[in-house]
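*Asks:* To be precise about what I am sending: the file is called query11.cif and holds mmCIF, C-alpha atoms.
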data_run
loop_
_atom_site.group_PDB
_atom_site.id
_atom_site.type_symbol
_atom_site.label_atom_id
_atom_site.label_comp_id
_atom_site.auth_asym_id
_atom_site.auth_seq_id
_atom_site.Cartn_x
_atom_site.Cartn_y
_atom_site.Cartn_z
ATOM 1 C CA MET O 1 0.000 0.000 0.000
ATOM 2 C CA GLU O 2 2.812 2.341 0.902
ATOM 3 C CA LYS O 3 4.486 1.659 -2.452
ATOM 4 C CA ILE O 4 1.235 2.541 -4.279
ATOM 5 C CA LEU O 5 0.952 5.876 -2.405
ATOM 6 C CA LYS O 6 4.557 6.766 -3.249
ATOM 7 C CA ALA O 7 3.945 5.907 -6.886
ATOM 8 C CA LEU O 8 0.884 8.176 -6.964
ATOM 9 C CA GLU O 9 2.875 11.011 -5.416
ATOM 10 C CA ARG O 10 5.623 10.584 -8.026
ATOM 11 C CA ALA O 11 2.980 10.602 -10.791
ATOM 12 C CA GLN O 12 1.425 13.787 -9.451
ATOM 13 C CA LEU O 13 4.815 15.489 -9.227
ATOM 14 C CA GLU O 14 5.675 14.484 -12.801
ATOM 15 C CA ALA O 15 2.271 15.691 -13.987
ATOM 16 C CA GLY O 16 2.904 19.016 -12.250
ATOM 17 C CA HIS O 17 6.245 19.413 -13.989
ATOM 18 C CA VAL O 18 4.648 18.729 -17.399
ATOM 19 C CA ALA O 19 1.820 21.176 -16.717
ATOM 20 C CA ALA O 20 4.294 23.806 -15.662
ATOM 21 C CA GLY O 21 6.318 23.185 -18.807
ATOM 22 C CA ARG O 22 3.240 23.507 -20.977
ATOM 23 C CA SER O 23 2.274 26.759 -19.259
ATOM 24 C CA ALA O 24 5.715 28.191 -19.897
ATOM 25 C CA THR O 25 5.550 27.121 -23.536
ATOM 26 C CA ALA O 26 2.140 28.728 -23.878
ATOM 27 C CA LEU O 27 3.398 31.964 -22.375
ATOM 28 C CA ARG O 28 6.376 31.994 -24.705
ATOM 29 C CA PHE O 29 4.049 31.454 -27.674
ATOM 30 C CA GLN O 30 1.687 34.202 -26.584
ATOM 31 C CA ALA O 31 4.583 36.581 -26.186
ATOM 32 C CA HIS O 32 5.766 35.670 -29.662
ATOM 33 C CA VAL O 33 2.444 36.416 -31.379
ATOM 34 C CA GLN O 34 1.757 39.675 -29.537
ATOM 35 C CA PRO O 35 1.290 42.391 -32.225
ATOM 36 C CA GLU O 36 4.234 44.694 -32.584
ATOM 37 C CA SER O 37 3.760 48.302 -31.646
ATOM 38 C CA ALA O 38 2.408 50.413 -34.535
ATOM 39 C CA PRO O 39 5.086 52.382 -36.394
ATOM 40 C CA ALA O 40 5.242 56.076 -35.696
ATOM 41 C CA SER O 41 2.938 57.948 -38.066
ATOM 42 C CA ARG O 42 4.682 60.015 -40.702
ATOM 43 C CA PRO O 43 3.807 63.681 -41.042
ATOM 44 C CA ALA O 44 1.505 64.475 -43.963
ATOM 45 C CA PRO O 45 3.383 65.859 -46.990
ATOM 46 C CA ARG O 46 3.219 69.625 -47.157
ATOM 47 C CA THR O 47 2.481 71.781 -50.158
ATOM 48 C CA ARG O 48 5.267 74.234 -50.893
ATOM 49 C CA VAL O 49 4.503 77.850 -50.063
ATOM 50 C CA GLU O 50 5.642 80.689 -52.332
ATOM 51 C CA PRO O 51 3.786 83.877 -51.363
ATOM 52 C CA VAL O 52 3.070 86.268 -54.200
ATOM 53 C CA SER O 53 3.601 89.978 -53.573
ATOM 54 C CA GLU O 54 1.090 92.715 -54.322
ATOM 55 C CA ALA O 55 3.622 94.192 -56.728
ATOM 56 C CA ALA O 56 3.651 90.952 -58.714
ATOM 57 C CA LEU O 57 -0.154 90.769 -58.665
ATOM 58 C CA ALA O 58 -0.374 94.308 -60.015
ATOM 59 C CA ALA O 59 2.295 93.748 -62.653
ATOM 60 C CA ASN O 60 0.527 90.620 -63.915
ATOM 61 C CA ARG O 61 -2.992 92.139 -63.884
ATOM 62 C CA LEU O 62 -4.296 89.910 -61.089
ATOM 63 C CA VAL O 63 -6.545 92.669 -59.840
ATOM 64 C CA ALA O 64 -8.792 90.330 -57.832
ATOM 65 C CA GLY O 65 -5.944 89.974 -55.350
ATOM 66 C CA LEU O 66 -5.492 93.722 -54.869
ATOM 67 C CA PRO O 67 -7.596 95.490 -52.242
ATOM 68 C CA GLU O 68 -9.585 98.457 -53.453
ATOM 69 C CA HIS O 69 -8.628 98.024 -57.108
ATOM 70 C CA LYS O 70 -11.201 99.628 -59.380
ATOM 71 C CA LEU O 71 -11.579 96.447 -61.461
ATOM 72 C CA GLY O 72 -11.981 94.183 -58.437
ATOM 73 C CA ASP O 73 -15.759 94.460 -58.653
ATOM 74 C CA THR O 74 -15.618 93.112 -62.202
ATOM 75 C CA PHE O 75 -14.381 89.751 -61.008
ATOM 76 C CA ARG O 76 -16.630 89.755 -57.955
ATOM 77 C CA VAL O 77 -19.609 90.053 -60.308
ATOM 78 C CA LEU O 78 -18.209 87.275 -62.469
ATOM 79 C CA ARG O 79 -17.529 85.180 -59.359
ATOM 80 C CA THR O 80 -21.093 85.550 -58.109
ATOM 81 C CA ARG O 81 -22.627 84.522 -61.409
ATOM 82 C CA VAL O 82 -20.253 81.587 -61.932
ATOM 83 C CA LEU O 83 -20.765 80.342 -58.382
ATOM 84 C CA GLN O 84 -24.547 80.513 -58.772
ATOM 85 C CA LEU O 85 -24.419 78.416 -61.926
ATOM 86 C CA LEU O 86 -22.008 75.908 -60.392
ATOM 87 C CA GLU O 87 -24.222 75.402 -57.358
ATOM 88 C CA GLU O 88 -27.449 75.259 -59.368
ATOM 89 C CA ASN O 89 -26.051 72.431 -61.476
ATOM 90 C CA ASP O 90 -23.963 70.703 -58.782
ATOM 91 C CA PHE O 91 -20.787 71.427 -60.781
ATOM 92 C CA SER O 92 -17.330 71.707 -59.222
ATOM 93 C CA THR O 93 -14.896 71.573 -62.153
ATOM 94 C CA LEU O 94 -14.617 74.392 -64.671
ATOM 95 C CA MET O 95 -12.526 74.807 -67.818
ATOM 96 C CA ILE O 96 -11.523 78.322 -68.882
ATOM 97 C CA ALA O 97 -11.128 78.200 -72.654
ATOM 98 C CA SER O 98 -10.511 80.560 -75.560
ATOM 99 C CA PRO O 99 -10.375 80.235 -79.327
ATOM 100 C CA ASN O 100 -6.834 81.568 -79.764
ATOM 101 C CA PRO O 101 -3.662 82.421 -77.852
ATOM 102 C CA GLY O 102 -3.632 85.969 -76.544
ATOM 103 C CA ASP O 103 -7.361 86.147 -75.759
ATOM 104 C CA GLY O 104 -6.550 86.466 -72.047
ATOM 105 C CA LYS O 105 -7.964 83.205 -70.704
ATOM 106 C CA SER O 106 -5.109 82.673 -68.223
ATOM 107 C CA VAL O 107 -5.530 86.111 -66.666
ATOM 108 C CA VAL O 108 -9.287 85.547 -66.377
ATOM 109 C CA ALA O 109 -8.755 82.073 -64.888
ATOM 110 C CA ALA O 110 -6.298 83.393 -62.307
ATOM 111 C CA ASN O 111 -8.485 86.355 -61.303
ATOM 112 C CA LEU O 112 -11.571 84.158 -61.027
ATOM 113 C CA ALA O 113 -9.669 81.644 -58.897
ATOM 114 C CA ILE O 114 -8.467 84.387 -56.544
ATOM 115 C CA SER O 115 -11.926 85.930 -56.289
ATOM 116 C CA LEU O 116 -13.584 82.578 -55.522
ATOM 117 C CA ALA O 117 -10.920 81.722 -52.924
ATOM 118 C CA LYS O 118 -11.510 85.026 -51.127
ATOM 119 C CA LEU O 119 -15.070 83.967 -50.307
ATOM 120 C CA ALA O 120 -13.549 81.595 -47.719
ATOM 121 C CA THR O 121 -16.496 79.220 -48.139
ATOM 122 C CA ARG O 122 -14.895 77.142 -50.903
ATOM 123 C CA SER O 123 -11.302 76.148 -51.509
ATOM 124 C CA VAL O 124 -10.003 76.585 -55.053
ATOM 125 C CA LEU O 125 -7.423 74.663 -57.075
ATOM 126 C CA LEU O 126 -6.149 76.346 -60.240
ATOM 127 C CA VAL O 127 -4.590 73.853 -62.664
ATOM 128 C CA ASP O 128 -2.454 75.000 -65.583
ATOM 129 C CA ALA O 129 -3.435 72.517 -68.303
ATOM 130 C CA ASP O 130 -1.944 74.588 -71.123
ATOM 131 C CA LEU O 131 1.150 72.395 -71.348
ATOM 132 C CA ARG O 132 2.471 73.968 -74.555
ATOM 133 C CA ARG O 133 2.431 77.548 -73.268
ATOM 134 C CA PRO O 134 2.121 77.425 -69.469
ATOM 135 C CA SER O 135 1.629 80.796 -67.785
ATOM 136 C CA VAL O 136 -0.064 80.335 -64.398
ATOM 137 C CA HIS O 137 3.281 80.134 -62.592
ATOM 138 C CA LYS O 138 4.392 83.361 -64.292
ATOM 139 C CA LEU O 139 1.231 85.200 -63.291
ATOM 140 C CA PHE O 140 1.745 84.271 -59.626
ATOM 141 C CA SER O 141 5.544 84.565 -59.773
ATOM 142 C CA VAL O 142 6.063 81.024 -58.441
ATOM 143 C CA SER O 143 8.270 78.202 -59.661
ATOM 144 C CA GLY O 144 6.757 76.249 -62.530
ATOM 145 C CA THR O 145 8.441 72.950 -61.761
ATOM 146 C CA PRO O 146 7.760 70.370 -60.664
ATOM 147 C CA GLY O 147 4.288 70.570 -62.141
ATOM 148 C CA LEU O 148 1.582 68.663 -63.965
ATOM 149 C CA VAL O 149 3.936 67.366 -66.667
ATOM 150 C CA ASP O 150 6.322 66.024 -64.023
ATOM 151 C CA TYR O 151 3.446 64.217 -62.316
ATOM 152 C CA LEU O 152 2.092 62.752 -65.552
ATOM 153 C CA GLU O 153 5.557 61.566 -66.546
ATOM 154 C CA GLU O 154 5.971 60.059 -63.056
ATOM 155 C CA ARG O 155 8.911 62.240 -62.059
ATOM 156 C CA ALA O 156 7.185 63.806 -59.052
ATOM 157 C CA ALA O 157 4.420 63.064 -56.577
ATOM 158 C CA LEU O 158 1.334 65.253 -56.677
ATOM 159 C CA HIS O 159 2.042 67.011 -53.368
ATOM 160 C CA GLU O 160 5.450 68.039 -54.698
ATOM 161 C CA CYS O 161 3.796 69.845 -57.612
ATOM 162 C CA LEU O 162 1.264 71.903 -55.646
ATOM 163 C CA VAL O 163 1.971 75.505 -54.624
ATOM 164 C CA ARG O 164 0.288 77.810 -52.120
ATOM 165 C CA PRO O 165 0.737 81.403 -53.346
ATOM 166 C CA GLY O 166 -0.082 82.939 -49.970
ATOM 167 C CA ILE O 167 -3.746 83.601 -50.806
ATOM 168 C CA GLU O 168 -6.085 81.900 -48.355
ATOM 169 C CA SER O 169 -7.893 78.815 -49.729
ATOM 170 C CA LEU O 170 -6.057 78.925 -53.077
ATOM 171 C CA VAL O 171 -3.689 76.227 -54.347
ATOM 172 C CA LEU O 172 -1.928 76.138 -57.721
ATOM 173 C CA LEU O 173 -0.875 73.194 -59.864
ATOM 174 C CA PRO O 174 1.612 74.629 -62.391
ATOM 175 C CA ALA O 175 2.058 72.948 -65.747
ATOM 176 C CA GLY O 176 5.738 72.111 -65.388
ATOM 177 C CA PRO O 177 8.184 72.318 -68.293
ATOM 178 C CA PRO O 178 6.601 73.238 -71.655
ATOM 179 C CA MET O 179 6.095 70.410 -74.112
ATOM 180 C CA GLU O 180 4.826 70.294 -77.673
ATOM 181 C CA ASN O 181 3.339 66.800 -77.827
ATOM 182 C CA SER O 182 1.026 67.242 -74.865
ATOM 183 C CA SER O 183 -2.217 65.637 -76.053
ATOM 184 C CA GLU O 184 -0.985 62.132 -75.206
ATOM 185 C CA LEU O 185 -0.350 63.159 -71.606
ATOM 186 C CA LEU O 186 -3.659 64.991 -71.279
ATOM 187 C CA THR O 187 -5.635 61.983 -72.516
ATOM 188 C CA GLY O 188 -3.626 59.290 -70.756
ATOM 189 C CA PRO O 189 -4.751 57.170 -67.806
ATOM 190 C CA LEU O 190 -2.765 59.190 -65.258
ATOM 191 C CA MET O 191 -4.565 62.397 -66.247
ATOM 192 C CA THR O 192 -7.914 60.621 -66.194
ATOM 193 C CA GLY O 193 -7.205 59.337 -62.700
ATOM 194 C CA LEU O 194 -5.929 62.707 -61.508
ATOM 195 C CA ALA O 195 -8.978 64.594 -62.787
ATOM 196 C CA THR O 196 -11.234 62.108 -61.005
ATOM 197 C CA GLU O 197 -9.235 62.409 -57.785
ATOM 198 C CA LEU O 198 -9.172 66.205 -57.838
ATOM 199 C CA LYS O 199 -12.930 66.303 -58.281
ATOM 200 C CA ALA O 200 -13.762 63.717 -55.621
ATOM 201 C CA ARG O 201 -11.245 64.280 -52.831
ATOM 202 C CA TYR O 202 -12.641 67.559 -51.417
ATOM 203 C CA PRO O 203 -16.391 68.078 -51.951
ATOM 204 C CA ASP O 204 -16.214 71.808 -51.200
ATOM 205 C CA ARG O 205 -13.369 72.514 -53.618
ATOM 206 C CA ILE O 206 -13.735 74.199 -57.006
ATOM 207 C CA VAL O 207 -11.202 73.061 -59.596
ATOM 208 C CA ILE O 208 -10.438 75.556 -62.378
ATOM 209 C CA TYR O 209 -8.464 74.390 -65.411
ATOM 210 C CA ASP O 210 -6.654 76.919 -67.569
ATOM 211 C CA ALA O 211 -7.134 75.002 -70.814
ATOM 212 C CA PRO O 212 -5.170 75.283 -74.070
ATOM 213 C CA PRO O 213 -6.641 77.438 -76.878
ATOM 214 C CA LEU O 214 -9.137 75.357 -78.831
ATOM 215 C CA LEU O 215 -8.259 76.382 -82.366
ATOM 216 C CA THR O 216 -4.520 75.704 -82.140
ATOM 217 C CA SER O 217 -4.446 72.062 -80.979
ATOM 218 C CA ASP O 218 -6.652 69.158 -80.003
ATOM 219 C CA ASP O 219 -5.587 69.336 -76.340
ATOM 220 C CA ALA O 220 -8.580 71.279 -75.052
ATOM 221 C CA ILE O 221 -11.124 69.158 -76.928
ATOM 222 C CA ALA O 222 -9.681 65.981 -75.474
ATOM 223 C CA PHE O 223 -9.480 67.600 -72.062
ATOM 224 C CA SER O 224 -13.082 68.806 -72.020
ATOM 225 C CA GLY O 225 -14.276 65.359 -70.980
ATOM 226 C CA TYR O 226 -12.719 65.843 -67.540
ATOM 227 C CA VAL O 227 -14.754 68.895 -66.517
ATOM 228 C CA ASP O 228 -18.365 69.694 -65.653
ATOM 229 C CA CYS O 229 -18.604 72.916 -67.629
ATOM 230 C CA GLY O 230 -16.711 75.641 -69.451
ATOM 231 C CA LEU O 231 -16.316 79.403 -69.550
ATOM 232 C CA LEU O 232 -15.288 80.989 -72.843
ATOM 233 C CA VAL O 233 -12.945 83.985 -73.026
ATOM 234 C CA ALA O 234 -12.762 86.213 -76.116
ATOM 235 C CA ALA O 235 -10.831 89.419 -76.728
ATOM 236 C CA GLU O 236 -12.840 92.420 -77.884
ATOM 237 C CA GLY O 237 -11.730 93.628 -81.297
ATOM 238 C CA GLU O 238 -9.310 90.708 -81.694
ATOM 239 C CA THR O 239 -11.218 87.417 -81.599
ATOM 240 C CA PRO O 240 -13.210 86.959 -84.819
ATOM 241 C CA VAL O 241 -16.856 86.080 -84.375
ATOM 242 C CA SER O 242 -16.333 83.091 -86.641
ATOM 243 C CA ASP O 243 -13.683 81.770 -84.233
ATOM 244 C CA ILE O 244 -16.077 82.088 -81.309
ATOM 245 C CA GLU O 245 -18.781 80.245 -83.238
ATOM 246 C CA GLN O 246 -16.366 77.495 -84.246
ATOM 247 C CA THR O 247 -15.178 77.137 -80.654
ATOM 248 C CA LEU O 248 -18.722 76.815 -79.350
ATOM 249 C CA MET O 249 -19.434 74.145 -81.946
ATOM 250 C CA MET O 250 -16.352 72.220 -80.859
ATOM 251 C CA LEU O 251 -17.569 72.362 -77.265
ATOM 252 C CA SER O 252 -21.179 71.539 -78.121
ATOM 253 C CA GLY O 253 -21.245 68.613 -75.692
ATOM 254 C CA LEU O 254 -20.039 70.707 -72.756
ATOM 255 C CA PRO O 255 -22.274 73.087 -70.767
ATOM 256 C CA ILE O 256 -20.946 76.634 -71.284
ATOM 257 C CA LEU O 257 -21.665 79.000 -68.393
ATOM 258 C CA GLY O 258 -21.115 82.113 -70.493
ATOM 259 C CA THR O 259 -18.600 84.247 -72.320
ATOM 260 C CA VAL O 260 -16.160 86.751 -70.850
ATOM 261 C CA LEU O 261 -15.348 89.689 -73.118
ATOM 262 C CA ASN O 262 -11.735 90.417 -72.275
ATOM 263 C CA LYS O 263 -9.825 93.619 -73.059
ATOM 264 C CA SER O 264 -13.148 95.425 -73.243
ATOM 265 C CA ASN O 265 -13.469 99.209 -73.375
ATOM 266 C CA GLU O 266 -16.975 99.055 -71.941
ATOM 267 C CA SER O 267 -17.851 99.679 -68.314
ATOM 268 C CA PRO O 268 -17.212 96.843 -65.836
ATOM 269 C CA ARG O 269 -20.960 96.208 -65.460
ATOM 270 C CA SER O 270 -21.124 94.803 -68.967
ATOM 271 C CA TYR O 271 -17.871 92.857 -68.719
ATOM 272 C CA TYR O 272 -19.647 89.542 -68.330
ATOM 273 C CA GLY O 273 -22.117 88.284 -70.904
ATOM 274 C CA SER O 274 -23.932 84.975 -71.254
#
Please render this file's structure as structure tokens.

*Replies:*
Amino acid sequence: MEKILKALERAQLEAGHVAAGRSATALRFQAHVQPESAPASRPAPRTRVEPVSEAALAANRLVAGLPEHKLGDTFRVLRTRVLQLLEENDFSTLMIASPNPGDGKSVVAANLAISLAKLATRSVLLVDADLRRPSVHKLFSVSGTPGLVDYLEERAALHECLVRPGIESLVLLPAGPPMENSSELLTGPLMTGLATELKARYPDRIVIYDAPPLLTSDDAIAFSGYVDCGLLVAAEGETPVSDIEQTLMMLSGLPILGTVLNKSNESPRSYYGS
């Protein structure tokens, strides 16, 4: 009987050692599969800031950015009408187009972008899509590269191409280095994806594209599929009526908000016509 009791005690001790060993193994396993601490979050990439001076705004005819300028009301009137039409139709992307180079579309696009941004209710992105003759960076006196071309040719990330010119709620996307064969880039999958992203990412943002002249290349026609609507710019005494008519025919599938008569000698009240 005594031998049986001793055997039971030895069995219990051995069982205890095994259980302890299993517990230690389990603990080691649990420690091994514990999730590692999350990596430190990286700071969000920042848009470069290149503040534009009032002297540069004045020199480049960006009167919407100048306080108390006599033509400031002209673009406030235009802004009000454009904003009404955008909101009525649930539009957020706008192409500023013209029949020919020299009609003043870039100056109108820049002034409209500034005026809309000053409302402080909507953010504005001004994109220079005139890749053959980019001018937005010149108007704001900021660096033109890297820009849209660099992004489309996969030489730069989007955040590296964006510029804040020191005007609240306004961001610029310069064109980058000029290029002649630009239609392939403007109709490629990267541009299609970018246009979709720019429209969808911020619901309260208005995206304005300074488009290429319509009668000098096929860039603007191909590009018109990316936007909700268009605004036509013509130069008084310079743009032939036949060119305006041809341009409107080319854009027949795109809603046109109206026509801006640039370089007009008339009073500011009649500057905008629809």

*Asks:* For the structure shown, which residues end up in the PyMOL selection byres ((chain O and resi 107-120) around 7)? Put them as an MDAnalysis selection string, please?

*Replies:* chainID O and resid 62:65 75:76 79 96 104:106 121:124 126 168:170 210

*Asks:* Let me see the file: selected residues, C-alpha atoms, as a compact mmCIF listing (two decimals), in the coordinates of the input.

*Replies:*
# COMPACT_ATOMS: atom_id res chain seq x y z
CA LEU O 62 -4.30 89.91 -61.09
CA VAL O 63 -6.54 92.67 -59.84
CA ALA O 64 -8.79 90.33 -57.83
CA GLY O 65 -5.94 89.97 -55.35
CA PHE O 75 -14.38 89.75 -61.01
CA ARG O 76 -16.63 89.76 -57.96
CA ARG O 79 -17.53 85.18 -59.36
CA ILE O 96 -11.52 78.32 -68.88
CA GLY O 104 -6.55 86.47 -72.05
CA LYS O 105 -7.96 83.20 -70.70
CA SER O 106 -5.11 82.67 -68.22
CA THR O 121 -16.50 79.22 -48.14
CA ARG O 122 -14.90 77.14 -50.90
CA SER O 123 -11.30 76.15 -51.51
CA VAL O 124 -10.00 76.58 -55.05
CA LEU O 126 -6.15 76.35 -60.24
CA GLU O 168 -6.08 81.90 -48.36
CA SER O 169 -7.89 78.82 -49.73
CA LEU O 170 -6.06 78.92 -53.08
CA ASP O 210 -6.65 76.92 -67.57

*Asks:* Write out as a list in words each polymer residue whose atoms come within 10 Å of Tyr209 of chain O, counting all atoms listed in the file; drop sequence neighbours fewer than 5 positions from it.

*Replies:*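 These residues fall inside the cut-off: Thr93, Leu94, Met95, Ile96, Ala97, Ser106, Ala109, Ala110, Ala113, Leu125, Leu126, Val127, Asp128, Ala129, Asp130, Leu173, Phe223, Ser224, Tyr226, Val227 and Gly230 of chain O.
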
*Asks:* Would you mind reading off the distance between atom CA of Arg133 of chain O and atom CA of Pro99 of chain O, one decimal, in Å?

*Replies:*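 The value is 14.4 Å.
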
*Asks:* Have a look at atom CA of Ser135 of chain O and atom CA of Leu148 of chain O and let me know their distance in Å, one decimal.

*Replies:*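 One can read the atom CA of Ser135 of chain O to atom CA of Leu148 of chain O distance as 12.7 Å.
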
*Asks:* Could you state the separation of atom CA of Lys138 of chain O and atom CA of Thr74 of chain O in Å, given to one decimal place?

*Replies:*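 Atom CA of Thr74 of chain O lies at a distance of 22.4 Å from atom CA of Lys138 of chain O.
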
*Asks:* Evaluate the PyMOL selection byres ((chain O and resi 244) around 12) and record the selected residues as a PyMOL selection string, following the chain and residue labels used in the document.

*Replies:* chain O and resi 97-100+103+213-215+232-236+238-243+245-251+258-261

*Asks:* Any chance you can output those residues with C-alpha atoms as a compact mmCIF listing (two decimals), in the frame of the given file?

*Replies:*
# COMPACT_ATOMS: atom_id res chain seq x y z
CA ALA O 97 -11.13 78.20 -72.65
CA SER O 98 -10.51 80.56 -75.56
CA PRO O 99 -10.38 80.24 -79.33
CA ASN O 100 -6.83 81.57 -79.76
CA ASP O 103 -7.36 86.15 -75.76
CA PRO O 213 -6.64 77.44 -76.88
CA LEU O 214 -9.14 75.36 -78.83
CA LEU O 215 -8.26 76.38 -82.37
CA LEU O 232 -15.29 80.99 -72.84
CA VAL O 233 -12.94 83.98 -73.03
CA ALA O 234 -12.76 86.21 -76.12
CA ALA O 235 -10.83 89.42 -76.73
CA GLU O 236 -12.84 92.42 -77.88
CA GLU O 238 -9.31 90.71 -81.69
CA THR O 239 -11.22 87.42 -81.60
CA PRO O 240 -13.21 86.96 -84.82
CA VAL O 241 -16.86 86.08 -84.38
CA SER O 242 -16.33 83.09 -86.64
CA ASP O 243 -13.68 81.77 -84.23
CA GLU O 245 -18.78 80.24 -83.24
CA GLN O 246 -16.37 77.50 -84.25
CA THR O 247 -15.18 77.14 -80.65
CA LEU O 248 -18.72 76.82 -79.35
CA MET O 249 -19.43 74.14 -81.95
CA MET O 250 -16.35 72.22 -80.86
CA LEU O 251 -17.57 72.36 -77.26
CA GLY O 258 -21.12 82.11 -70.49
CA THR O 259 -18.60 84.25 -72.32
CA VAL O 260 -16.16 86.75 -70.85
CA LEU O 261 -15.35 89.69 -73.12

*Asks:* Suppose a student applies the PyMOL selection byres ((chain O and resi 140) around 8) to this structure; what residues should they get, written as a list in words?

*Replies:*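 That expression, the PyMOL selection byres ((chain O and resi 140) around 8), corresponds here to Val52, Ala56, Leu57, Asn60, Val136, His137, Lys138, Leu139, Ser141, Val142 and Pro165 of chain O.
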
*Asks:* With distances taken over all atoms listed in the file, which of O:Ala58, O:Val163, O:Leu83, O:Leu198 is nearest to Leu71 of chain O?

*Replies:* O:Ala58

*Asks:* Which is closer to Cys229 of chain O than all the others in O:Leu190, O:Ile256, O:Leu78, O:Val207, using only C-alpha atoms?

*Replies:*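 The shortest atom-to-atom distance to Cys229 of chain O comes from O:Ile256.
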
*Asks:* Which is closer to Pro203 of chain O than all the others in O:Arg46, O:Ser92, O:Thr216, O:Thr145, using all atoms listed in the file?

*Replies:*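 Looking at the shortest contact to Pro203 of chain O, the residue is O:Ser92.
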
*Asks:* Go through O:Pro255, O:Gly237, O:Gly147, O:Gly225 one by one, measure the shortest atom-to-atom distance of each to Glu160 of chain O using all atoms listed in the file, and give the residue with the smallest value.

*Replies:*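 Between O:Pro255, O:Gly237, O:Gly147, O:Gly225, the residue approaching Glu160 of chain O most closely is O:Gly147.
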